[in-house]
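Colleague: Next up is a structure, given as structure tokens.
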Amino acid sequence: MERKKITPVDIQKMKEEGRKITMLTAYDYPTALLEDRAGIDIILVGDSVGMTVLGYENTIPVTMDEMIHHTKAVTRGARYALIIGDMPFMSYNTSEREAILNAGRFMKEGGADAVKLEGGASVKEIVRAIVKAGIPVMGHIGLTPQTISMLGGFKVQGKDAQTAQRIIEDALLLEEAGAFAVLLEAIPAPIARRITERLKIPTIGIGAGPDCDGQVLVVHDMLGLFDRFTPKFAKRYVNLSHEMLKAFETYREEVLQGIFPTDQHSFHIDEKELEKIK
Ligand code: KIV
């Protein structure tokens, strides 16, 4: 079957037809290329790049320029997946105008198809303004890493009736503001199920149980490339850190012992040409 570029309309259709939506983060060309080849529906250039690739303590220092740089690499690698640029801290919270201009940069400079931003009631007018400017927006509620100090650390959200009710209301407000999907992070599975049932737009879960319309993982978590901490919800499909370390150690040993490079890895010159050289 011929593959077509995925749009937010296709993502909506997947919910209506009960087809699960797959999403992963990517921050570079080769990862985007492989995720796209694997048939992943949505690639998020997450601000998690700050921790997984740039080595920051958290996502707060990530800048728009850094996000655009990584988004460009991802859009060069993926032809079919819907590409979402993650709006970094303080790129959308100061004014609607600045939010629209920064969201526009993801599309114009980065080549992204949509943006994601964190928050519920507090950002609903910003979401509305960006959507009105013609840019599709994915919401992100529950555990929102950019406001982690306000939430008291990386903790499951919505564990009592009052906070769970607030998360449900945030989801409804984002839908009303025009978001095309909502990411639900680290909330109890029954709350995510209720939200998924009540919203017309798709929900994408990470640590939100099996009943969301789709799932997302941070690619460095699922590949075993980030071990500063591993959230309970991050399933590791392979331990690439282990494989990379083994390869680096073997290479070092082989160079030290003269095992690498061999004749097979070397270039040659005709003996007659060699003799002509003084
Ligand atoms: O930045 C990110 O990687 C995220 C995850 C929750 C998917 O937002």
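Chain identifiers are assigned as A, B, and so on, following the order in which chains appear in the structure tokens; residues are numbered from 1 within each chain, and ligands are numbered from 1 in order of appearance.
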Can you tell me which residues surround Lys5 (chain A) at a distance of at most 8 Å, considering only C-alpha atoms, apart from same-chain residues fewer than 2 positions away, and format the answer as a short mmCIF file (atom, residue, chain, number, x, y, z; two decimals) with N, CA and C atoms, in the first residue's frame?
Modeller:
```
data_model
loop_
_atom_site.label_atom_id
_atom_site.label_comp_id
_atom_site.auth_asym_id
_atom_site.auth_seq_id
_atom_site.Cartn_x
_atom_site.Cartn_y
_atom_site.Cartn_z
N ARG A 3 2.27 4.73 0.96
CA ARG A 3 2.21 5.50 2.22
C ARG A 3 2.02 6.97 1.91
N THR A 7 -1.43 13.49 8.68
CA THR A 7 -1.86 14.84 9.10
C THR A 7 -2.69 14.71 10.39
N ARG A 79 9.69 11.23 6.32
CA ARG A 79 8.85 11.69 5.20
C ARG A 79 7.36 11.57 5.48
N TYR A 80 7.00 10.56 6.30
CA TYR A 80 5.57 10.24 6.43
C TYR A 80 4.96 10.63 7.79
N ALA A 81 5.75 10.50 8.85
CA ALA A 81 5.20 10.75 10.19
C ALA A 81 4.80 12.22 10.34
N LEU A 82 3.81 12.45 11.19
CA LEU A 82 3.43 13.82 11.58
C LEU A 82 4.53 14.29 12.54
#
```
Colleague: May I ask you to write as an MDAnalysis selection string all residues lying at most 6 Å from ligand 1, with only C-alpha atoms and all ligand atoms counted?
Modeller: chainID A and resid 25 46:48 216:218
Colleague: Between A:Asp227, A:Glu109, A:Glu254, A:Glu118, which residue has the minimum interatomic distance to Asn93 (chain A), considering only C-alpha atoms?
Modeller: A:Glu118
Colleague: As a PyMOL selection string, which residues of region 66-135 of chain A does DSSP assign to helix (DSSP H, G or I)?
Modeller: chain A and resi 66-77+96-108+121-132
Colleague: Please produce a file of the residues just selected, as a PDB file, in the first residue's frame, where the atoms kept are C-alpha atoms.
Modeller:
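part.pdb, written as the output of this step:
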```
ATOM      1  CA  GLU A  66      18.070  24.451  20.087  1.00  0.00           C
ATOM      2  CA  MET A  67      14.580  23.103  19.359  1.00  0.00           C
ATOM      3  CA  ILE A  68      14.635  24.426  15.791  1.00  0.00           C
ATOM      4  CA  HIS A  69      18.091  22.908  15.182  1.00  0.00           C
ATOM      5  CA  HIS A  70      16.854  19.432  16.227  1.00  0.00           C
ATOM      6  CA  THR A  71      13.492  19.801  14.478  1.00  0.00           C
ATOM      7  CA  LYS A  72      15.272  20.512  11.179  1.00  0.00           C
ATOM      8  CA  ALA A  73      17.305  17.301  11.529  1.00  0.00           C
ATOM      9  CA  VAL A  74      14.165  15.262  12.280  1.00  0.00           C
ATOM     10  CA  THR A  75      12.152  16.676   9.386  1.00  0.00           C
ATOM     11  CA  ARG A  76      15.030  15.840   7.019  1.00  0.00           C
ATOM     12  CA  GLY A  77      14.794  12.205   8.207  1.00  0.00           C
ATOM     13  CA  GLU A  96      -0.158  35.216  22.588  1.00  0.00           C
ATOM     14  CA  ARG A  97       1.908  37.114  20.019  1.00  0.00           C
ATOM     15  CA  GLU A  98       5.187  35.539  21.141  1.00  0.00           C
ATOM     16  CA  ALA A  99       3.532  32.102  21.310  1.00  0.00           C
ATOM     17  CA  ILE A 100       2.276  32.425  17.720  1.00  0.00           C
ATOM     18  CA  LEU A 101       5.668  33.669  16.463  1.00  0.00           C
ATOM     19  CA  ASN A 102       7.534  30.814  18.167  1.00  0.00           C
ATOM     20  CA  ALA A 103       5.022  28.197  17.024  1.00  0.00           C
ATOM     21  CA  GLY A 104       5.423  29.664  13.528  1.00  0.00           C
ATOM     22  CA  ARG A 105       9.204  29.185  13.725  1.00  0.00           C
ATOM     23  CA  PHE A 106       8.683  25.427  14.223  1.00  0.00           C
ATOM     24  CA  MET A 107       6.735  25.350  10.945  1.00  0.00           C
ATOM     25  CA  LYS A 108       8.686  27.889   8.844  1.00  0.00           C
ATOM     26  CA  ALA A 121      -6.747  26.061  31.823  1.00  0.00           C
ATOM     27  CA  SER A 122      -3.786  28.468  32.117  1.00  0.00           C
ATOM     28  CA  VAL A 123      -2.827  28.098  28.420  1.00  0.00           C
ATOM     29  CA  LYS A 124      -6.209  27.607  26.785  1.00  0.00           C
ATOM     30  CA  GLU A 125      -6.294  31.111  25.241  1.00  0.00           C
ATOM     31  CA  ILE A 126      -2.741  30.639  23.956  1.00  0.00           C
ATOM     32  CA  VAL A 127      -3.760  27.340  22.351  1.00  0.00           C
ATOM     33  CA  ARG A 128      -6.772  29.059  20.795  1.00  0.00           C
ATOM     34  CA  ALA A 129      -4.583  31.865  19.395  1.00  0.00           C
ATOM     35  CA  ILE A 130      -2.001  29.471  17.875  1.00  0.00           C
ATOM     36  CA  VAL A 131      -4.736  27.313  16.310  1.00  0.00           C
ATOM     37  CA  LYS A 132      -6.415  30.456  14.969  1.00  0.00           C
TER      38      LYS A 132
END
```
Colleague: Tell me, as number ranges by chain, which residues lie within 9 Å of region 162-168 of chain A, counting only C-alpha atoms; anything in the same chain fewer than 6 positions away does not count.
Modeller: A: 120, 141-142, 187-188, 191-192, 194-195, 198
